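File shown: target_34.cif. Contents: mmCIF, C-alpha atoms.
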data_model
#
loop_
_atom_site.group_PDB
_atom_site.id
_atom_site.type_symbol
_atom_site.label_atom_id
_atom_site.label_comp_id
_atom_site.auth_asym_id
_atom_site.auth_seq_id
_atom_site.Cartn_x
_atom_site.Cartn_y
_atom_site.Cartn_z
ATOM 1 C CA VAL A 76 0.000 0.000 0.000
ATOM 2 C CA LYS A 77 2.804 2.432 0.804
ATOM 3 C CA ASP A 78 4.073 2.128 -2.786
ATOM 4 C CA ILE A 79 0.741 3.200 -4.308
ATOM 5 C CA PRO A 80 0.243 6.932 -4.876
ATOM 6 C CA LEU A 81 -2.295 8.248 -2.356
ATOM 7 C CA GLY A 82 -4.700 9.542 -5.029
ATOM 8 C CA VAL A 83 -4.729 6.176 -6.801
ATOM 9 C CA LEU A 84 -5.344 4.384 -3.502
ATOM 10 C CA ARG A 85 -8.189 6.706 -2.518
ATOM 11 C CA ASP A 86 -9.830 6.198 -5.903
ATOM 12 C CA GLN A 87 -10.282 2.519 -5.007
ATOM 13 C CA PHE A 88 -12.528 3.301 -2.011
ATOM 14 C CA ALA A 89 -16.005 4.637 -1.396
ATOM 15 C CA LEU A 90 -17.481 5.368 2.025
ATOM 16 C CA VAL A 91 -21.055 5.407 3.247
ATOM 17 C CA PRO A 92 -20.952 6.950 6.725
ATOM 18 C CA GLN A 93 -23.632 6.744 9.384
ATOM 19 C CA GLN A 94 -24.257 10.479 9.054
ATOM 20 C CA PRO A 95 -24.030 11.295 5.324
ATOM 21 C CA VAL A 96 -22.994 14.744 4.185
ATOM 22 C CA LEU A 97 -25.456 16.404 1.807
ATOM 23 C CA PHE A 98 -25.076 19.785 0.178
ATOM 24 C CA SER A 99 -27.451 22.702 -0.338
ATOM 25 C CA THR A 100 -28.065 21.860 -3.951
ATOM 26 C CA ASN A 101 -30.202 19.485 -6.008
ATOM 27 C CA VAL A 102 -30.180 15.682 -6.118
ATOM 28 C CA TRP A 103 -28.108 15.552 -9.323
ATOM 29 C CA GLU A 104 -25.276 17.552 -7.789
ATOM 30 C CA ASN A 105 -25.396 15.716 -4.462
ATOM 31 C CA LEU A 106 -24.981 12.388 -6.231
ATOM 32 C CA ARG A 107 -22.476 13.697 -8.779
ATOM 33 C CA TYR A 108 -20.177 14.546 -5.860
ATOM 34 C CA GLY A 109 -19.325 10.811 -5.808
ATOM 35 C CA LYS A 110 -18.093 10.987 -9.414
ATOM 36 C CA PRO A 111 -17.881 14.534 -10.802
ATOM 37 C CA ASP A 112 -17.773 13.438 -14.450
ATOM 38 C CA ALA A 113 -20.802 11.111 -14.170
ATOM 39 C CA ASN A 114 -23.556 11.556 -16.706
ATOM 40 C CA ASP A 115 -27.251 11.631 -15.824
ATOM 41 C CA HIS A 116 -27.759 8.007 -16.895
ATOM 42 C CA GLU A 117 -24.997 6.795 -14.544
ATOM 43 C CA ILE A 118 -26.436 8.833 -11.685
ATOM 44 C CA ALA A 119 -29.955 7.495 -12.211
ATOM 45 C CA ALA A 120 -28.614 3.914 -12.395
ATOM 46 C CA ALA A 121 -26.772 4.355 -9.077
ATOM 47 C CA ALA A 122 -29.920 5.823 -7.497
ATOM 48 C CA LYS A 123 -31.954 2.843 -8.693
ATOM 49 C CA ALA A 124 -29.359 0.405 -7.329
ATOM 50 C CA ALA A 125 -29.564 2.134 -3.921
ATOM 51 C CA HIS A 126 -33.377 2.106 -4.021
ATOM 52 C CA ALA A 127 -33.393 5.908 -4.012
ATOM 53 C CA ASP A 128 -34.885 6.565 -7.455
ATOM 54 C CA GLU A 129 -38.468 5.945 -6.324
ATOM 55 C CA PHE A 130 -38.447 8.607 -3.614
ATOM 56 C CA ILE A 131 -36.419 10.986 -5.797
ATOM 57 C CA GLN A 132 -39.084 10.752 -8.519
ATOM 58 C CA GLN A 133 -41.695 11.701 -5.898
ATOM 59 C CA LEU A 134 -39.870 14.895 -4.892
ATOM 60 C CA PRO A 135 -41.495 18.086 -6.262
ATOM 61 C CA GLU A 136 -38.900 18.493 -9.021
ATOM 62 C CA GLY A 137 -37.430 14.968 -9.084
ATOM 63 C CA TYR A 138 -33.669 15.006 -9.526
ATOM 64 C CA GLU A 139 -33.785 18.809 -9.857
ATOM 65 C CA SER A 140 -35.214 19.160 -6.328
ATOM 66 C CA PHE A 141 -33.240 21.329 -3.946
ATOM 67 C CA LEU A 142 -32.514 19.345 -0.768
ATOM 68 C CA GLY A 143 -31.817 22.181 1.661
ATOM 69 C CA GLU A 144 -28.953 22.443 4.126
ATOM 70 C CA GLN A 145 -27.717 18.918 4.986
ATOM 71 C CA GLY A 146 -30.742 17.459 3.180
ATOM 72 C CA VAL A 147 -33.156 18.920 5.723
ATOM 73 C CA LYS A 148 -36.088 18.074 3.445
ATOM 74 C CA LEU A 149 -35.329 14.335 3.536
ATOM 75 C CA SER A 150 -35.816 11.564 6.079
ATOM 76 C CA GLY A 151 -32.804 9.811 7.583
ATOM 77 C CA GLY A 152 -33.386 6.790 5.379
ATOM 78 C CA GLN A 153 -33.608 8.915 2.242
ATOM 79 C CA LYS A 154 -30.342 10.668 3.105
ATOM 80 C CA GLN A 155 -28.695 7.299 3.646
ATOM 81 C CA ARG A 156 -29.885 5.948 0.292
ATOM 82 C CA LEU A 157 -28.464 9.026 -1.441
ATOM 83 C CA ALA A 158 -25.126 8.399 0.288
ATOM 84 C CA ILE A 159 -25.223 4.774 -0.853
ATOM 85 C CA ALA A 160 -26.033 5.853 -4.419
ATOM 86 C CA ARG A 161 -23.156 8.336 -4.332
ATOM 87 C CA ALA A 162 -20.780 5.570 -3.245
ATOM 88 C CA LEU A 163 -22.086 3.116 -5.851
ATOM 89 C CA LEU A 164 -21.576 5.738 -8.550
ATOM 90 C CA ARG A 165 -17.827 5.577 -7.867
ATOM 91 C CA ASN A 166 -17.801 1.844 -8.714
ATOM 92 C CA PRO A 167 -15.225 1.253 -5.965
ATOM 93 C CA LYS A 168 -12.985 -1.757 -5.445
ATOM 94 C CA ILE A 169 -13.591 -1.431 -1.675
ATOM 95 C CA LEU A 170 -16.875 -0.146 -0.275
ATOM 96 C CA LEU A 171 -16.839 0.894 3.385
ATOM 97 C CA LEU A 172 -20.254 0.909 5.050
ATOM 98 C CA ASP A 173 -20.103 2.485 8.506
ATOM 99 C CA GLU A 174 -23.513 1.861 10.087
ATOM 100 C CA ALA A 175 -24.881 2.650 6.616
ATOM 101 C CA THR A 176 -28.279 1.028 7.191
ATOM 102 C CA SER A 177 -28.862 2.289 10.736
ATOM 103 C CA ALA A 178 -31.347 4.965 9.596
ATOM 104 C CA LEU A 179 -33.359 2.607 7.393
ATOM 105 C CA ASP A 180 -36.562 0.785 8.254
ATOM 106 C CA ASN A 181 -36.470 -3.010 7.981
ATOM 107 C CA ARG A 182 -38.035 -3.159 4.508
ATOM 108 C CA THR A 183 -35.739 -0.517 3.031
ATOM 109 C CA GLU A 184 -32.725 -2.077 4.748
ATOM 110 C CA SER A 185 -33.572 -5.406 3.116
ATOM 111 C CA GLU A 186 -33.909 -3.766 -0.328
ATOM 112 C CA VAL A 187 -30.595 -1.931 0.071
ATOM 113 C CA ILE A 188 -28.815 -5.063 1.300
ATOM 114 C CA ASN A 189 -30.133 -6.940 -1.747
ATOM 115 C CA ALA A 190 -28.754 -4.184 -3.969
ATOM 116 C CA LEU A 191 -25.444 -4.227 -2.115
ATOM 117 C CA GLU A 192 -25.163 -7.978 -2.627
ATOM 118 C CA VAL A 193 -25.113 -7.353 -6.368
ATOM 119 C CA VAL A 194 -22.461 -4.664 -5.877
ATOM 120 C CA GLY A 195 -20.542 -7.011 -3.581
ATOM 121 C CA ARG A 196 -19.911 -9.346 -6.488
ATOM 122 C CA ARG A 197 -17.676 -6.734 -8.071
ATOM 123 C CA CYS A 198 -16.054 -5.185 -4.998
ATOM 124 C CA THR A 199 -15.041 -5.947 -1.450
ATOM 125 C CA MET A 200 -17.363 -4.546 1.200
ATOM 126 C CA VAL A 201 -16.375 -3.786 4.753
ATOM 127 C CA VAL A 202 -19.551 -3.459 6.818
ATOM 128 C CA ILE A 203 -19.510 -1.931 10.288
ATOM 129 C CA ALA A 204 -22.852 -2.529 11.982
ATOM 130 C CA HIS A 205 -24.563 -3.182 15.281
ATOM 131 C CA ARG A 206 -27.745 -4.525 13.678
ATOM 132 C CA LEU A 207 -27.220 -8.187 12.939
ATOM 133 C CA SER A 208 -29.692 -8.069 10.057
ATOM 134 C CA THR A 209 -27.167 -5.872 8.254
ATOM 135 C CA VAL A 210 -24.375 -8.454 8.491
ATOM 136 C CA ALA A 211 -26.402 -11.681 8.326
ATOM 137 C CA ARG A 212 -25.373 -12.440 4.726
ATOM 138 C CA CYS A 213 -21.735 -11.340 4.978
ATOM 139 C CA ASP A 214 -19.089 -13.905 4.024
ATOM 140 C CA ARG A 215 -17.151 -13.306 7.221
ATOM 141 C CA ILE A 216 -18.139 -11.472 10.395
ATOM 142 C CA TYR A 217 -15.722 -10.198 13.025
ATOM 143 C CA GLU A 218 -17.139 -9.642 16.495
ATOM 144 C CA PHE A 219 -15.397 -7.048 18.639
ATOM 145 C CA ASP A 220 -15.837 -6.204 22.292
ATOM 146 C CA LYS A 221 -14.149 -3.097 23.718
ATOM 147 C CA GLY A 222 -11.906 -2.928 20.663
ATOM 148 C CA GLU A 223 -10.759 -6.543 20.948
ATOM 149 C CA LEU A 224 -11.527 -9.229 18.381
ATOM 150 C CA ILE A 225 -13.396 -11.981 20.207
ATOM 151 C CA ALA A 226 -14.770 -14.152 17.396
ATOM 152 C CA SER A 227 -15.021 -14.473 13.626
ATOM 153 C CA GLY A 228 -16.860 -16.647 11.147
ATOM 154 C CA THR A 229 -20.109 -16.819 9.249
ATOM 155 C CA PHE A 230 -23.385 -15.856 10.889
ATOM 156 C CA ALA A 231 -24.176 -19.520 11.608
ATOM 157 C CA GLU A 232 -20.688 -20.227 12.934
ATOM 158 C CA LEU A 233 -20.826 -17.279 15.310
ATOM 159 C CA GLN A 234 -24.217 -18.361 16.599
ATOM 160 C CA GLU A 235 -22.638 -21.699 17.502
ATOM 161 C CA ARG A 236 -19.315 -20.442 18.892
ATOM 162 C CA SER A 237 -20.019 -17.069 20.510
ATOM 163 C CA ALA A 238 -22.419 -16.753 23.425
ATOM 164 C CA SER A 239 -22.551 -12.964 23.110
ATOM 165 C CA PHE A 240 -23.305 -13.177 19.373
ATOM 166 C CA ARG A 241 -25.934 -15.830 20.000
ATOM 167 C CA ASP A 242 -27.552 -13.605 22.641
ATOM 168 C CA LEU A 243 -27.683 -10.706 20.174
ATOM 169 C CA ALA A 244 -29.118 -12.931 17.452
ATOM 170 C CA GLN A 245 -31.869 -14.123 19.787
ATOM 171 C CA LEU A 246 -32.887 -10.528 20.497
#
Final structure tokens representation of the file:
Amino acid sequence: VKDIPLGVLRDQFALVPQQPVLFSTNVWENLRYGKPDANDHEIAAAAKAAHADEFIQQLPEGYESFLGEQGVKLSGGQKQRLAIARALLRNPKILLLDEATSALDNRTESEVINALEVVGRRCTMVVIAHRLSTVARCDRIYEFDKGELIASGTFAELQERSASFRDLAQL
């Protein structure tokens, strides 16, 4: 990694944070921030993949709608889906999801996870989550407690081997 130019390395990643940053501009420009040279077709495709297109189409001016400061006109789940679309637009090699589905209801979370599974076939995803439904289909799960790795494996393996994971799963 130290031999790779920093700009080249950063181009391989996309991040979806728990609290996405949105700008006081329209949907097009908020999504285009993920890939400044993206055309409208690419942006719409990323929005569809993140299950954001449907709510965007229902906004007063669709993709031209002004979102207000920090997306004040959107719900938490809508903001999160825009952040996911922005990340998908970059077509990253590594997609970092930091509590990316925490603001989504169960149905929307399921739709987004299904979309991310398709994306996961062409990139590596690192998912940080407290909700087990978010990580249930991950290839490998690492369980940490107070910053220490205490177990790893598939969802089923952790249910067998880790009492704390099993307790969380039963909740």
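The residue set within 10 Å of Glu184 (chain A), counting only C-alpha atoms and dropping same-chain residues fewer than 3 places from it, reads His126, Gly152, Arg156, Ala175, Thr176, Ser177, Ala178, Leu179, Asp180, Asn181, Val187, Ile188, Asn189, Ala190, Ser208 and Thr209 of chain A.
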Export of prior selection with C-alpha atoms as a tab-separated table (two decimals), keeping the file's coordinate frame:
chain	number	residue	atom	x	y	z
A	126	HIS	CA	-33.38	2.11	-4.02
A	152	GLY	CA	-33.39	6.79	5.38
A	156	ARG	CA	-29.88	5.95	0.29
A	175	ALA	CA	-24.88	2.65	6.62
A	176	THR	CA	-28.28	1.03	7.19
A	177	SER	CA	-28.86	2.29	10.74
A	178	ALA	CA	-31.35	4.96	9.60
A	179	LEU	CA	-33.36	2.61	7.39
A	180	ASP	CA	-36.56	0.78	8.25
A	181	ASN	CA	-36.47	-3.01	7.98
A	187	VAL	CA	-30.60	-1.93	0.07
A	188	ILE	CA	-28.82	-5.06	1.30
A	189	ASN	CA	-30.13	-6.94	-1.75
A	190	ALA	CA	-28.75	-4.18	-3.97
A	208	SER	CA	-29.69	-8.07	10.06
A	209	THR	CA	-27.17	-5.87	8.25
Evaluate the PyMOL selection byres ((chain A and resi 119-122) around 10) against this structure - the residues, as a short mmCIF file (atom, residue, chain, number, x, y, z; two decimals) with C-alpha atoms, keeping the file's coordinate frame, please.
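The new file result_0.cif reads:
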data_model
loop_
_atom_site.label_atom_id
_atom_site.label_comp_id
_atom_site.auth_asym_id
_atom_site.auth_seq_id
_atom_site.Cartn_x
_atom_site.Cartn_y
_atom_site.Cartn_z
CA VAL A 102 -30.18 15.68 -6.12
CA TRP A 103 -28.11 15.55 -9.32
CA LEU A 106 -24.98 12.39 -6.23
CA ASN A 114 -23.56 11.56 -16.71
CA ASP A 115 -27.25 11.63 -15.82
CA HIS A 116 -27.76 8.01 -16.90
CA GLU A 117 -25.00 6.80 -14.54
CA ILE A 118 -26.44 8.83 -11.68
CA LYS A 123 -31.95 2.84 -8.69
CA ALA A 124 -29.36 0.40 -7.33
CA ALA A 125 -29.56 2.13 -3.92
CA HIS A 126 -33.38 2.11 -4.02
CA ALA A 127 -33.39 5.91 -4.01
CA ASP A 128 -34.88 6.56 -7.46
CA GLU A 129 -38.47 5.94 -6.32
CA PHE A 130 -38.45 8.61 -3.61
CA ILE A 131 -36.42 10.99 -5.80
CA TYR A 138 -33.67 15.01 -9.53
CA ARG A 156 -29.88 5.95 0.29
CA LEU A 157 -28.46 9.03 -1.44
CA ALA A 158 -25.13 8.40 0.29
CA ILE A 159 -25.22 4.77 -0.85
CA ALA A 160 -26.03 5.85 -4.42
CA ARG A 161 -23.16 8.34 -4.33
CA ALA A 162 -20.78 5.57 -3.24
CA LEU A 163 -22.09 3.12 -5.85
CA LEU A 164 -21.58 5.74 -8.55
CA ARG A 165 -17.83 5.58 -7.87
CA ASN A 166 -17.80 1.84 -8.71
#
Hey, can you pull every residue with an atom no more than 9 Å from (-22.9, 5.8, 9.8), using all atoms listed in the file, and send it as a count of residues only? 15
Between CA of Glu232 (chain A) and CA of Lys168 (chain A), measure the distance and give it in Å to one decimal.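 CA of Lys168 (chain A) lies at a distance of 27.2 Å from CA of Glu232 (chain A).
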Could you tell me, as a VMD selection string, exactly which residues end up selected when the PyMOL selection byres ((chain A and resi 237) around 12) is applied to this structure? chain A and resid 216 to 220 224 to 236 238 to 244
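Nearest residue to Glu139 (chain A) among A:Gln153, A:Glu186, A:Val210, A:Asn105 is A:Asn105, counting all atoms listed in the file.
The space separating CA of Glu144 (chain A) from CA of Thr100 (chain A) comes to 8.1 Å.
Residue nearest Arg197 (chain A) within the list A:Ile169, A:Phe88, A:Gly151, A:Ser185: A:Ile169 [criterion: smallest interatomic distance, all atoms listed in the file].
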State, in Å with one decimal place, the distance from CA of Leu97 (chain A) to CA of Ser140 (chain A).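 We find that CA of Leu97 (chain A) and CA of Ser140 (chain A) lie 13.0 Å from each other.
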